[in-house]
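Q: See query.tsv below, with TSV, C-alpha atoms (C1' of nucleotides).
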chain	number	residue	atom	x	y	z
N	993	MET	CA	-8.90	-15.75	2.75
N	994	THR	CA	-11.01	-12.76	1.81
N	995	SER	CA	-8.93	-9.60	1.65
N	996	THR	CA	-9.86	-6.31	3.29
N	997	LEU	CA	-10.86	-5.00	-0.13
N	998	GLY	CA	-13.24	-7.94	-0.35
N	999	PHE	CA	-14.87	-6.93	2.92
N	1000	ALA	CA	-15.10	-3.34	1.73
N	1001	VAL	CA	-17.06	-4.59	-1.27
N	1002	LEU	CA	-19.28	-6.73	0.97
N	1003	ALA	CA	-19.85	-3.72	3.25
N	1004	VAL	CA	-21.17	-1.72	0.29
N	1005	LEU	CA	-23.36	-4.58	-0.86
N	1006	ALA	CA	-24.80	-4.91	2.66
N	1007	ARG	CA	-26.51	-1.56	2.09
N	1008	GLY	CA	-28.15	-2.62	-1.15
N	1009	ASP	CA	-27.57	-4.48	-4.39
N	1010	ARG	CA	-25.26	-2.77	-6.84
N	1011	THR	CA	-23.27	-3.15	-10.02
N	1012	GLY	CA	-19.47	-3.15	-9.99
N	1013	TYR	CA	-19.64	0.34	-11.41
N	1014	ASP	CA	-21.75	1.55	-8.48
N	1015	ILE	CA	-19.37	-0.05	-6.00
N	1016	ALA	CA	-16.47	1.73	-7.67
N	1017	ALA	CA	-18.36	5.01	-7.30
N	1018	ALA	CA	-18.85	4.33	-3.57
N	1019	MET	CA	-15.12	3.65	-3.33
N	1020	ARG	CA	-14.48	7.21	-4.44
N	1021	ARG	CA	-17.04	8.83	-2.15
N	1022	PRO	CA	-17.87	8.32	0.71
N	1023	ILE	CA	-15.86	5.15	1.38
N	1024	GLY	CA	-12.86	6.54	-0.44
N	1025	PHE	CA	-12.06	8.54	2.70
N	1026	PHE	CA	-10.89	5.34	4.38
N	1027	TRP	CA	-10.61	2.70	1.66
N	1028	THR	CA	-10.06	3.16	-2.04
N	1029	ALA	CA	-9.88	0.93	-5.10
N	1030	GLY	CA	-10.02	1.40	-8.83
N	1031	HIS	CA	-12.78	-0.24	-10.83
N	1032	SER	CA	-10.34	-2.76	-12.27
N	1033	GLN	CA	-9.57	-3.99	-8.77
N	1034	ILE	CA	-13.26	-4.20	-7.92
N	1035	HIS	CA	-14.21	-6.33	-10.89
N	1036	ALA	CA	-11.39	-8.72	-10.07
N	1037	GLU	CA	-12.45	-8.83	-6.42
N	1038	LEU	CA	-16.08	-9.50	-7.34
N	1039	GLN	CA	-14.97	-12.54	-9.30
N	1040	LYS	CA	-13.10	-13.86	-6.26
N	1041	LEU	CA	-16.09	-13.21	-3.99
N	1042	LEU	CA	-18.32	-14.96	-6.51
N	1043	ALA	CA	-16.02	-17.99	-6.60
N	1044	ALA	CA	-16.07	-18.04	-2.78
N	1045	GLY	CA	-19.88	-17.94	-2.83
N	1046	LEU	CA	-20.09	-14.71	-0.85
N	1047	VAL	CA	-21.94	-12.77	-3.54
N	1048	GLY	CA	-24.25	-13.61	-6.42
N	1049	TYR	CA	-25.57	-11.55	-9.32
N	1050	GLU	CA	-28.41	-11.20	-11.72
N	1051	ALA	CA	-27.56	-10.22	-15.25
N	1052	GLU	CA	-29.59	-7.59	-17.02
N	1053	HIS	CA	-29.15	-6.24	-20.47
N	1054	GLY	CA	-27.09	-3.09	-20.27
N	1055	PRO	CA	-24.58	-0.96	-22.09
N	1056	GLY	CA	-21.24	-2.30	-23.17
N	1057	PRO	CA	-20.09	-5.58	-24.67
N	1058	GLN	CA	-21.05	-7.52	-21.52
N	1059	ASP	CA	-24.28	-7.81	-19.63
N	1060	LYS	CA	-24.84	-5.53	-16.66
N	1061	LYS	CA	-24.51	-7.52	-13.43
N	1062	VAL	CA	-26.34	-6.52	-10.29
N	1063	TYR	CA	-24.56	-8.10	-7.34
N	1064	HIS	CA	-26.04	-9.03	-3.99
N	1065	LEU	CA	-24.77	-10.61	-0.76
N	1066	THR	CA	-25.43	-14.30	-0.20
N	1067	ASP	CA	-26.30	-15.51	3.31
N	1068	GLU	CA	-22.75	-16.78	3.59
N	1069	GLY	CA	-21.33	-13.43	2.51
N	1070	SER	CA	-23.49	-11.65	5.04
N	1071	ALA	CA	-22.33	-13.99	7.82
N	1072	GLU	CA	-18.65	-13.55	6.87
N	1073	LEU	CA	-19.05	-9.78	6.88
N	1074	ARG	CA	-20.73	-9.77	10.30
N	1075	ALA	CA	-17.96	-11.93	11.73
N	1076	TRP	CA	-15.27	-9.71	10.22
N	1077	VAL	CA	-16.69	-6.44	11.58
N	1078	THR	CA	-15.76	-7.09	15.20
N	1079	ARG	CA	-12.50	-8.97	14.59
N	1080	PRO	CA	-9.62	-6.76	15.79
N	1081	PRO	CA	-8.14	-4.96	12.77
N	1082	LYS	CA	-4.60	-5.94	11.93
N	1083	GLU	CA	-2.53	-2.80	11.95
N	1084	ARG	CA	-1.26	-1.64	8.62
N	1085	PRO	CA	2.00	0.23	8.42
N	1086	GLU	CA	1.52	3.97	8.27
N	1087	ARG	CA	2.97	5.69	5.24
N	1088	ASP	CA	2.75	9.45	5.43
N	1089	GLU	CA	4.86	11.39	2.98
N	1090	LEU	CA	4.36	14.77	4.67
N	1091	VAL	CA	5.63	13.45	7.99
N	1092	LEU	CA	8.59	11.86	6.25
N	1093	LYS	CA	9.38	15.21	4.67
N	1094	THR	CA	9.08	16.79	8.10
N	1095	TYR	CA	11.65	14.34	9.41
N	1096	ALA	CA	14.06	15.66	6.78
N	1097	ALA	CA	12.85	19.28	6.94
N	1098	TRP	CA	15.95	20.47	8.81
N	1099	LEU	CA	17.83	20.18	5.49
N	1100	ALA	CA	15.62	22.67	3.66
N	1101	GLU	CA	14.95	26.39	3.68
N	1102	ALA	CA	12.49	27.38	6.39
N	1103	GLY	CA	10.54	29.61	4.00
N	1104	LEU	CA	9.85	26.78	1.57
N	1105	VAL	CA	8.82	24.45	4.37
N	1106	ARG	CA	6.48	27.13	5.73
N	1107	ARG	CA	4.85	27.51	2.34
N	1108	MET	CA	4.34	23.76	2.05
N	1109	PHE	CA	2.65	23.62	5.44
N	1110	ALA	CA	0.52	26.66	4.64
N	1111	ASP	CA	-0.78	24.84	1.55
N	1112	GLN	CA	-1.48	21.73	3.59
N	1113	LEU	CA	-3.28	23.79	6.22
N	1114	ALA	CA	-5.51	25.38	3.60
N	1115	ALA	CA	-6.41	21.95	2.23
N	1116	HIS	CA	-7.25	20.63	5.69
N	1117	GLU	CA	-9.36	23.67	6.51
N	1118	ALA	CA	-11.29	23.28	3.27
N	1119	ARG	CA	-11.99	19.63	3.97
N	1120	LEU	CA	-12.93	20.47	7.55
N	1121	ALA	CA	-15.48	23.00	6.36
N	1122	GLU	CA	-16.92	20.42	3.99
N	1123	TYR	CA	-17.17	17.79	6.72
N	1124	GLU	CA	-18.79	20.30	9.07
N	1125	ARG	CA	-21.42	21.03	6.46
N	1126	GLU	CA	-22.04	17.30	6.11
N	1127	GLU	CA	-22.25	16.86	9.85
N	1128	ALA	CA	-24.83	19.62	10.11
N	1129	ALA	CA	-26.96	17.71	7.61
N	1130	PHE	CA	-27.29	14.92	10.17
N	1131	GLY	CA	-29.37	16.16	13.10
N	1132	GLY	CA	-27.13	14.43	15.63
N	1133	PRO	CA	-25.97	10.82	15.55
N	1134	PRO	CA	-28.31	8.22	14.02
N	1135	SER	CA	-28.98	5.25	16.27
N	1136	PHE	CA	-26.73	2.22	16.13
N	1137	GLY	CA	-28.43	-0.33	13.88
N	1138	ASP	CA	-29.19	2.32	11.28
N	1139	PRO	CA	-26.77	2.06	8.35
N	1140	ARG	CA	-26.39	5.82	8.54
N	1141	PHE	CA	-24.70	5.33	11.89
N	1142	GLY	CA	-21.70	4.07	9.90
N	1143	ASN	CA	-21.66	7.21	7.77
N	1144	TYR	CA	-21.93	9.48	10.78
N	1145	ALA	CA	-19.29	7.69	12.88
N	1146	THR	CA	-16.74	7.69	10.06
N	1147	LEU	CA	-17.48	11.35	9.42
N	1148	ARG	CA	-16.75	12.08	13.08
N	1149	CYS	CA	-13.42	10.34	12.66
N	1150	GLY	CA	-12.61	12.42	9.61
N	1151	LEU	CA	-13.60	15.58	11.44
N	1152	GLY	CA	-11.25	14.78	14.34
N	1153	TYR	CA	-8.47	13.86	11.95
N	1154	GLU	CA	-8.69	17.10	9.97
N	1155	ARG	CA	-8.70	19.13	13.17
N	1156	HIS	CA	-5.64	17.34	14.51
N	1157	ARG	CA	-3.85	17.72	11.22
N	1158	ALA	CA	-4.70	21.41	10.86
N	1159	GLU	CA	-3.52	22.07	14.39
N	1160	TRP	CA	-0.22	20.33	13.71
N	1161	CYS	CA	0.27	22.39	10.53
N	1162	ARG	CA	-0.38	25.58	12.52
N	1163	TRP	CA	2.16	24.50	15.12
N	1164	MET	CA	4.73	23.82	12.39
N	1165	ILE	CA	4.14	27.20	10.75
N	1166	ASP	CA	4.55	28.78	14.17
N	1167	GLN	CA	7.86	27.01	14.70
N	1168	LEU	CA	9.13	28.27	11.37
N	1169	GLY	CA	8.84	31.92	12.39
N	1170	ASP	CA	6.79	34.68	10.85
N	1171	GLY	CA	9.00	34.85	7.75
N	1172	SER	CA	7.92	38.39	7.00
X	354	MET	CA	12.26	8.64	-10.79
X	355	THR	CA	13.30	7.99	-7.19
X	356	SER	CA	10.44	6.52	-5.18
X	357	THR	CA	9.31	7.79	-1.78
X	358	LEU	CA	11.06	4.81	-0.22
X	359	GLY	CA	14.24	5.98	-1.92
X	360	PHE	CA	13.88	9.41	-0.29
X	361	ALA	CA	13.22	7.76	3.07
X	362	VAL	CA	16.55	5.98	2.70
X	363	LEU	CA	18.28	9.20	1.68
X	364	ALA	CA	16.72	10.97	4.67
X	365	VAL	CA	18.26	8.40	7.01
X	366	LEU	CA	21.63	8.67	5.30
X	367	ALA	CA	21.52	12.46	5.61
X	368	ARG	CA	21.92	11.98	9.37
X	369	GLY	CA	25.01	9.81	9.05
X	370	ASP	CA	26.55	6.95	7.11
X	371	ARG	CA	24.96	3.55	7.70
X	372	THR	CA	24.73	-0.02	6.51
X	373	GLY	CA	21.56	-1.38	4.94
X	374	TYR	CA	20.97	-3.22	8.19
X	375	ASP	CA	21.06	0.03	10.16
X	376	ILE	CA	18.70	1.69	7.73
X	377	ALA	CA	16.28	-1.21	8.14
X	378	ALA	CA	16.49	-0.73	11.92
X	379	ALA	CA	15.64	2.97	11.53
X	380	MET	CA	12.68	1.94	9.38
X	381	ARG	CA	11.27	0.09	12.35
X	382	ARG	CA	11.89	2.85	14.89
X	383	PRO	CA	11.59	5.83	14.79
X	384	ILE	CA	10.82	6.26	11.08
X	385	GLY	CA	8.53	3.26	11.11
X	386	PHE	CA	5.88	5.49	12.66
X	387	PHE	CA	5.40	7.15	9.28
X	388	TRP	CA	7.23	5.00	6.73
X	389	THR	CA	8.12	1.33	6.87
X	390	ALA	CA	10.04	-1.13	4.73
X	391	GLY	CA	11.47	-4.58	5.18
X	392	HIS	CA	15.20	-5.10	4.82
X	393	SER	CA	14.69	-6.89	1.50
X	394	GLN	CA	13.11	-3.75	0.09
X	395	ILE	CA	15.91	-1.58	1.42
X	396	HIS	CA	18.72	-3.60	-0.13
X	397	ALA	CA	16.92	-3.47	-3.46
X	398	GLU	CA	16.37	0.28	-3.11
X	399	LEU	CA	20.02	0.90	-2.23
X	400	GLN	CA	21.03	-0.76	-5.47
X	401	LYS	CA	18.72	1.55	-7.40
X	402	LEU	CA	20.05	4.61	-5.58
X	403	LEU	CA	23.59	3.43	-6.27
X	404	ALA	CA	22.84	3.03	-9.98
X	405	ALA	CA	21.36	6.55	-9.97
X	406	GLY	CA	24.51	7.89	-8.32
X	407	LEU	CA	22.67	9.22	-5.27
X	408	VAL	CA	24.59	7.10	-2.77
X	409	GLY	CA	28.00	5.45	-2.58
X	410	TYR	CA	29.51	2.92	-0.19
X	411	GLU	CA	32.71	1.69	1.28
X	412	ALA	CA	33.07	-2.05	1.81
X	413	GLU	CA	34.47	-3.38	5.03
X	414	HIS	CA	34.99	-6.92	6.08
X	415	GLY	CA	32.00	-8.04	8.11
X	416	PRO	CA	29.84	-11.00	9.01
X	417	GLY	CA	28.01	-13.01	6.41
X	418	PRO	CA	28.89	-14.19	2.93
X	419	GLN	CA	29.15	-10.62	1.59
X	420	ASP	CA	31.18	-7.64	2.63
X	421	LYS	CA	29.61	-5.11	4.97
X	422	LYS	CA	28.77	-1.94	3.02
X	423	VAL	CA	28.65	1.44	4.71
X	424	TYR	CA	26.56	3.75	2.56
X	425	HIS	CA	26.80	7.54	2.33
X	426	LEU	CA	25.01	10.30	0.41
X	427	THR	CA	26.71	11.70	-2.69
X	428	ASP	CA	26.46	15.44	-3.42
X	429	GLU	CA	23.86	14.61	-6.04
X	430	GLY	CA	21.88	12.52	-3.54
X	431	SER	CA	21.98	15.33	-1.03
X	432	ALA	CA	20.75	17.83	-3.62
X	433	GLU	CA	17.90	15.54	-4.73
X	434	LEU	CA	16.82	15.05	-1.14
X	435	ARG	CA	16.82	18.79	-0.41
X	436	ALA	CA	14.74	19.45	-3.51
X	437	TRP	CA	12.28	16.70	-2.59
X	438	VAL	CA	11.69	17.92	0.98
X	439	THR	CA	9.68	20.98	0.04
X	440	ARG	CA	7.90	19.55	-3.00
X	441	PRO	CA	4.20	19.20	-2.16
X	442	PRO	CA	3.52	15.59	-1.16
X	443	LYS	CA	1.21	13.71	-3.48
X	444	GLU	CA	-1.67	12.40	-1.44
X	445	ARG	CA	-1.80	8.68	-0.96
X	446	PRO	CA	-5.16	7.00	-0.56
X	447	GLU	CA	-6.07	6.42	3.06
X	448	ARG	CA	-6.68	2.81	4.01
X	449	ASP	CA	-7.94	2.41	7.53
X	450	GLU	CA	-9.42	-0.93	8.44
X	451	LEU	CA	-10.94	0.20	11.74
X	452	VAL	CA	-12.86	2.99	10.04
X	453	LEU	CA	-14.04	0.58	7.38
X	454	LYS	CA	-15.29	-1.75	10.10
X	455	THR	CA	-17.03	1.23	11.68
X	456	TYR	CA	-18.81	1.89	8.40
X	457	ALA	CA	-20.22	-1.64	8.62
X	458	ALA	CA	-20.60	-1.67	12.42
X	459	TRP	CA	-24.40	-1.32	12.28
X	460	LEU	CA	-24.49	-5.00	11.21
X	461	ALA	CA	-22.81	-6.27	14.37
X	462	GLU	CA	-23.65	-6.65	18.04
X	463	ALA	CA	-23.04	-3.44	19.96
X	464	GLY	CA	-21.25	-5.28	22.77
X	465	LEU	CA	-18.66	-6.76	20.45
X	466	VAL	CA	-18.09	-3.43	18.75
X	467	ARG	CA	-17.66	-1.77	22.14
X	468	ARG	CA	-15.07	-4.35	23.15
X	469	MET	CA	-13.13	-3.78	19.91
X	470	PHE	CA	-13.07	-0.02	20.51
X	471	ALA	CA	-12.07	-0.48	24.14
X	472	ASP	CA	-9.06	-2.51	22.98
X	473	GLN	CA	-8.17	0.14	20.43
X	474	LEU	CA	-8.50	2.86	23.05
X	475	ALA	CA	-6.14	1.01	25.40
X	476	ALA	CA	-3.56	0.67	22.62
X	477	HIS	CA	-3.79	4.38	21.79
X	478	GLU	CA	-3.48	5.37	25.43
X	479	ALA	CA	-0.40	3.19	25.84
X	480	ARG	CA	1.24	4.73	22.78
X	481	LEU	CA	0.26	8.19	23.95
X	482	ALA	CA	1.94	7.61	27.31
X	483	GLU	CA	5.07	6.41	25.52
X	484	TYR	CA	5.13	9.45	23.24
X	485	GLU	CA	4.60	11.76	26.20
X	486	ARG	CA	7.59	10.23	27.93
X	487	GLU	CA	9.63	10.76	24.76
X	488	GLU	CA	8.44	14.34	24.48
X	489	ALA	CA	9.48	15.07	28.03
X	490	ALA	CA	12.99	13.87	27.15
X	491	PHE	CA	13.25	16.82	24.75
X	492	GLY	CA	13.36	20.04	26.75
X	493	GLY	CA	11.07	21.83	24.30
X	494	PRO	CA	11.45	21.95	20.52
X	495	PRO	CA	14.98	21.87	19.10
X	496	SER	CA	15.74	24.69	16.69
X	497	PHE	CA	15.02	24.25	12.99
X	498	GLY	CA	18.31	23.27	11.35
X	499	ASP	CA	19.01	20.72	14.07
X	500	PRO	CA	18.27	17.18	12.81
X	501	ARG	CA	16.50	16.57	16.11
X	502	PHE	CA	13.90	19.09	14.97
X	503	GLY	CA	12.68	16.38	12.59
X	504	ASN	CA	12.35	13.89	15.42
X	505	TYR	CA	10.50	16.36	17.61
X	506	ALA	CA	8.12	17.61	14.93
X	507	THR	CA	7.14	14.09	13.87
X	508	LEU	CA	6.65	13.15	17.52
X	509	ARG	CA	4.29	16.10	17.90
X	510	CYS	CA	2.32	14.78	14.96
X	511	GLY	CA	2.12	11.34	16.52
X	512	LEU	CA	1.02	12.85	19.82
X	513	GLY	CA	-1.80	14.75	18.15
X	514	TYR	CA	-2.83	11.71	16.16
X	515	GLU	CA	-3.03	9.43	19.20
X	516	ARG	CA	-5.08	12.02	21.08
X	517	HIS	CA	-7.51	12.43	18.21
X	518	ARG	CA	-7.82	8.69	17.82
X	519	ALA	CA	-8.31	8.03	21.52
X	520	GLU	CA	-10.97	10.70	21.66
X	521	TRP	CA	-12.81	9.17	18.75
X	522	CYS	CA	-12.69	5.73	20.40
X	523	ARG	CA	-14.14	7.23	23.59
X	524	TRP	CA	-16.92	8.86	21.61
X	525	MET	CA	-17.70	5.54	19.91
X	526	ILE	CA	-17.79	3.67	23.23
X	527	ASP	CA	-20.10	6.37	24.51
X	528	GLN	CA	-22.44	5.93	21.57
X	529	LEU	CA	-22.61	2.21	22.17
X	530	GLY	CA	-24.13	2.64	25.61
X	531	ASP	CA	-22.82	1.45	28.95
X	532	GLY	CA	-23.56	-2.19	28.08
X	533	SER	CA	-23.78	-3.16	31.73
I	1376	DC	C1'	-27.29	14.70	-36.39
I	1377	DC	C1'	-23.25	14.66	-33.91
I	1378	DA	C1'	-20.32	15.11	-29.97
I	1379	DC	C1'	-19.75	14.24	-25.36
I	1380	DA	C1'	-20.60	12.55	-20.85
I	1381	DC	C1'	-22.08	8.73	-18.39
I	1382	DT	C1'	-22.97	3.83	-17.61
I	1383	DA	C1'	-20.88	-0.62	-17.65
I	1384	DT	C1'	-17.69	-4.45	-18.25
I	1385	DG	C1'	-13.29	-6.26	-18.48
I	1386	DT	C1'	-7.74	-7.18	-19.53
I	1387	DC	C1'	-2.83	-6.23	-19.01
I	1388	DT	C1'	1.53	-4.36	-17.42
I	1389	DG	C1'	4.47	-2.87	-14.05
I	1390	DA	C1'	5.59	-1.03	-9.53
I	1391	DA	C1'	5.44	-1.57	-4.63
I	1392	DG	C1'	5.35	-4.25	-0.72
I	1393	DT	C1'	5.30	-8.73	2.34
I	1394	DG	C1'	7.32	-12.69	4.09
I	1395	DA	C1'	10.01	-16.78	3.56
I	1396	DC	C1'	14.43	-18.69	2.44
I	1397	DA	C1'	19.57	-18.71	2.39
I	1398	DT	C1'	24.20	-17.79	4.28
I	1399	DA	C1'	27.63	-16.79	7.73
I	1400	DG	C1'	30.54	-14.31	11.25
I	1401	DT	C1'	30.70	-12.40	16.23
I	1402	DC	C1'	29.67	-12.20	20.99
I	1403	DG	C1'	27.70	-13.27	25.46
I	1404	DA	C1'	25.60	-16.61	28.51
I	1405	DT	C1'	25.16	-21.22	30.28
T	1271	DA	C1'	32.07	-25.92	24.31
T	1272	DT	C1'	27.65	-25.01	22.48
T	1273	DC	C1'	23.43	-22.42	21.91
T	1274	DG	C1'	21.03	-18.50	20.76
T	1275	DA	C1'	20.77	-13.58	19.71
T	1276	DC	C1'	22.53	-10.12	16.86
T	1277	DT	C1'	24.90	-8.28	12.74
T	1278	DA	C1'	24.86	-8.35	7.83
T	1279	DT	C1'	23.71	-9.23	2.89
T	1280	DG	C1'	20.91	-10.87	-0.49
T	1281	DT	C1'	17.16	-13.73	-3.55
T	1282	DC	C1'	12.56	-15.40	-4.70
T	1283	DA	C1'	7.60	-15.89	-4.93
T	1284	DC	C1'	3.47	-13.89	-4.12
T	1285	DT	C1'	-0.11	-10.26	-3.44
T	1286	DT	C1'	-1.80	-5.68	-3.95
T	1287	DC	C1'	-2.41	-1.71	-6.32
T	1288	DA	C1'	-2.38	1.98	-9.98
T	1289	DG	C1'	-3.09	3.29	-14.51
T	1290	DA	C1'	-3.57	2.46	-19.27
T	1291	DC	C1'	-6.10	0.13	-22.86
T	1292	DA	C1'	-10.33	-1.81	-24.97
T	1293	DT	C1'	-15.34	-1.99	-26.03
T	1294	DA	C1'	-20.02	-0.39	-26.47
T	1295	DG	C1'	-24.88	1.24	-25.34
T	1296	DT	C1'	-27.77	5.35	-23.64
T	1297	DG	C1'	-29.15	9.94	-22.92
T	1298	DT	C1'	-28.49	15.09	-23.24
T	1299	DG	C1'	-27.42	19.42	-25.40
T	1300	DG	C1'	-26.08	22.18	-29.15
Is it possible to express this structure as structure tokens?
A:
Amino acid sequence: MTSTLGFAVLAVLARGDRTGYDIAAAMRRPIGFFWTAGHSQIHAELQKLLAAGLVGYEAEHGPGPQDKKVYHLTDEGSAELRAWVTRPPKERPERDELVLKTYAAWLAEAGLVRRMFADQLAAHEARLAEYEREEAAFGGPPSFGDPRFGNYATLRCGLGYERHRAEWCRWMIDQLGDGS
Amino acid sequence: MTSTLGFAVLAVLARGDRTGYDIAAAMRRPIGFFWTAGHSQIHAELQKLLAAGLVGYEAEHGPGPQDKKVYHLTDEGSAELRAWVTRPPKERPERDELVLKTYAAWLAEAGLVRRMFADQLAAHEARLAEYEREEAAFGGPPSFGDPRFGNYATLRCGLGYERHRAEWCRWMIDQLGDGS
DNA sequence: CCACACTATGTCTGAAGTGACATAGTCGAT
DNA sequence: ATCGACTATGTCACTTCAGACATAGTGTGG
């Protein structure tokens, strides 16, 4: 009954023990590129995982009204995660606002549409440059079995995505004329 | 205050008057590729749009306990839609289960991961072939201003996406060795 | 010494989305 | 004739998610 968010949390914990706060930070970067959650969602999820016996924690004195809780995977949590990894992902419905706007773009002024795509293109190119810098930091793909393989493989996916997206934006801008 | 779903409905209605049922059908194909909604959501949304004065309807006798309602855009709805089209889309968080699994793939057996990616690759290739057939049915891009421009441009996006995705799957399979 | 950023936990409200349930006419095939 | 698929509208319960609110210790810089 564990949700995908639950597995995302387990996947973070598989790389080392962390507090809910740390997990939330990971959900912004780098995992935020493919799964996001606010800290409120994470604390709630941790309580579910705890009730299911998939994680445990050790309390330490820390800031705030409550104790700081350092969570770790239980053997059962680790087994569940391993089993989940290779189960075929159920496909989620795509929801892409830019593509929806494109579907209705024929109603608008070409110049305004061109500007919108130019902005999108700039954003994609900036992200692409960032990803390329990150990729250079790896000296080629880490071996499978190394946790860093996960980071590298997802980065490759992001790289391909940004390139595809940028190319589509360029094609759109092309279609809309030079607008000089 | 209109939601993105509301604009999706308006975008369908901009191409011709339809019943809620017809809109729901459009939300499966072709719009379902980039925005989906169940019929229950659409009926609820139509009531909101009606209250906001963005759509109207004419009732006809039809099957079922209620009258059949053929919805159309009002002038105000049309104006709102046009204004929305070129407003920069707010970015939604990505949620991609396959990429999340990839992040945790180092925990699993390479053979099982390879099989999962092979299945994904097959699905992408099948969709790609379908899109290519659809693209061939257009004899090149329709001109901007033609509603079919929206169909073509979104198809181009889908084509690029499937290619990027298939390529990434192939790269992953490559990384996982020949597994003979 | 004080302000501010960061660490750290949690609750609550409301919106969005999913899937089941409910009803009923029409039309084609067996 | 009857059965099932399709047209057509809607409600309800449940889950997920986003964002605001609430609390409080620690460490850094001015």
Q: Quick one: which chain N residues come within 7 Å of chain T, and what is the nearest atom pair for each with the distance in Å to one decimal, counting all atoms listed in the file, rows ordered by chain and ascending number, as a tab-separated table?
A:
residue	atom	partner	partner_atom	distance
N:Pro1055	CA	T:DG1295	C1'	3.9
N:Gly1056	CA	T:DA1294	C1'	4.0
N:Pro1057	CA	T:DA1294	C1'	5.5
Q: Got a sec: who's within 10 Å of Gly1048 of chain N, counting all atoms listed in the file, leaving out chain neighbours fewer than 6 positions off, as a PyMOL selection string?
A: chain N and resi 1009+1038-1039+1041-1042+1061-1066+1069
Q: Mind listing as a PyMOL selection string which residues of chain N are within 8 Å of chain I, counting only C-alpha atoms (C1' of nucleotides)?
A: chain N and resi 1013+1032+1035+1054-1060
Q: Please report, as a Markdown table, each residue of chain X lying at most 8 Å from chain N, together with the nearest pair of atoms and the separation in Å rounded to one decimal; use only C-alpha atoms, and order rows by chain and ascending residue number.
A:
| residue | atom | partner | partner_atom | distance |
| --- | --- | --- | --- | --- |
| X:Thr357 | CA | N:Glu1089 | CA | 7.4 |
| X:Ala361 | CA | N:Leu1092 | CA | 7.0 |
| X:Ala364 | CA | N:Ala1096 | CA | 5.8 |
| X:Ile384 | CA | N:Leu1092 | CA | 7.7 |
| X:Gly385 | CA | N:Glu1086 | CA | 7.6 |
| X:Phe386 | CA | N:Glu1086 | CA | 6.4 |
| X:Phe387 | CA | N:Arg1087 | CA | 4.9 |
| X:Trp388 | CA | N:Arg1087 | CA | 4.6 |
| X:Thr389 | CA | N:Pro1085 | CA | 6.4 |
| X:Arg435 | CA | N:Ala1100 | CA | 5.7 |
| X:Ala436 | CA | N:Ala1100 | CA | 7.9 |
| X:Trp437 | CA | N:Lys1093 | CA | 8.0 |
| X:Val438 | CA | N:Lys1093 | CA | 5.1 |
| X:Thr439 | CA | N:Val1105 | CA | 5.6 |
| X:Arg440 | CA | N:Met1108 | CA | 7.5 |
| X:Pro441 | CA | N:Met1108 | CA | 6.2 |
| X:Pro442 | CA | N:Leu1090 | CA | 5.9 |
| X:Lys443 | CA | N:Glu1089 | CA | 7.8 |
| X:Glu444 | CA | N:Glu1089 | CA | 7.9 |
| X:Arg445 | CA | N:Asp1088 | CA | 7.9 |
| X:Pro446 | CA | N:Thr1028 | CA | 6.4 |
| X:Glu447 | CA | N:Phe1026 | CA | 5.1 |
| X:Arg448 | CA | N:Trp1027 | CA | 4.6 |
| X:Asp449 | CA | N:Phe1026 | CA | 5.2 |
| X:Glu450 | CA | N:Pro1081 | CA | 6.1 |
| X:Leu451 | CA | N:Pro1081 | CA | 6.0 |
| X:Val452 | CA | N:Thr1146 | CA | 6.1 |
| X:Leu453 | CA | N:Phe1026 | CA | 6.4 |
| X:Lys454 | CA | N:Val1077 | CA | 5.1 |
| X:Thr455 | CA | N:Gly1142 | CA | 5.7 |
| X:Tyr456 | CA | N:Gly1142 | CA | 3.9 |
| X:Ala457 | CA | N:Ala1003 | CA | 5.8 |
| X:Ala458 | CA | N:Val1077 | CA | 6.2 |
| X:Trp459 | CA | N:Gly1137 | CA | 4.4 |
| X:Leu460 | CA | N:Arg1074 | CA | 6.1 |
| X:Ala461 | CA | N:Arg1074 | CA | 5.8 |
| X:Ala463 | CA | N:Phe1136 | CA | 7.8 |
| X:Leu465 | CA | N:Thr1078 | CA | 6.0 |
| X:Val466 | CA | N:Thr1078 | CA | 5.6 |
| X:Met469 | CA | N:Pro1080 | CA | 6.2 |
| X:Phe497 | CA | N:Trp1098 | CA | 5.7 |
| X:Gly498 | CA | N:Trp1098 | CA | 4.5 |
| X:Asp499 | CA | N:Trp1098 | CA | 6.1 |
| X:Pro500 | CA | N:Trp1098 | CA | 5.7 |
| X:Phe502 | CA | N:Trp1098 | CA | 6.6 |
| X:Gly503 | CA | N:Tyr1095 | CA | 3.9 |
| X:Asn504 | CA | N:Tyr1095 | CA | 6.1 |
| X:Ala506 | CA | N:Thr1094 | CA | 6.9 |
| X:Thr507 | CA | N:Val1091 | CA | 6.1 |
| X:Arg509 | CA | N:Trp1160 | CA | 7.5 |
| X:Cys510 | CA | N:Trp1160 | CA | 6.2 |
| X:Gly513 | CA | N:His1156 | CA | 5.9 |
| X:Tyr514 | CA | N:His1156 | CA | 6.5 |
| X:His517 | CA | N:Gly1152 | CA | 5.9 |
| X:Arg518 | CA | N:Cys1149 | CA | 7.8 |
| X:Trp521 | CA | N:Cys1149 | CA | 6.2 |
| X:Met525 | CA | N:Ala1145 | CA | 7.5 |
| X:Gln528 | CA | N:Phe1136 | CA | 7.9 |
| X:Leu529 | CA | N:Phe1136 | CA | 7.3 |
Q: Rounded to one decimal in Å, what is the spacing between atom CA of Asp1166 of chain N and atom CA of Glu433 of chain X?
A: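 Atom CA of Asp1166 of chain N sits 26.7 Å away from atom CA of Glu433 of chain X.
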Q: Atom CA of Gly998 of chain N and atom CA of Glu1037 of chain N are how many Å apart?
A: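 Atom CA of Glu1037 of chain N lies at a distance of 6.2 Å from atom CA of Gly998 of chain N.
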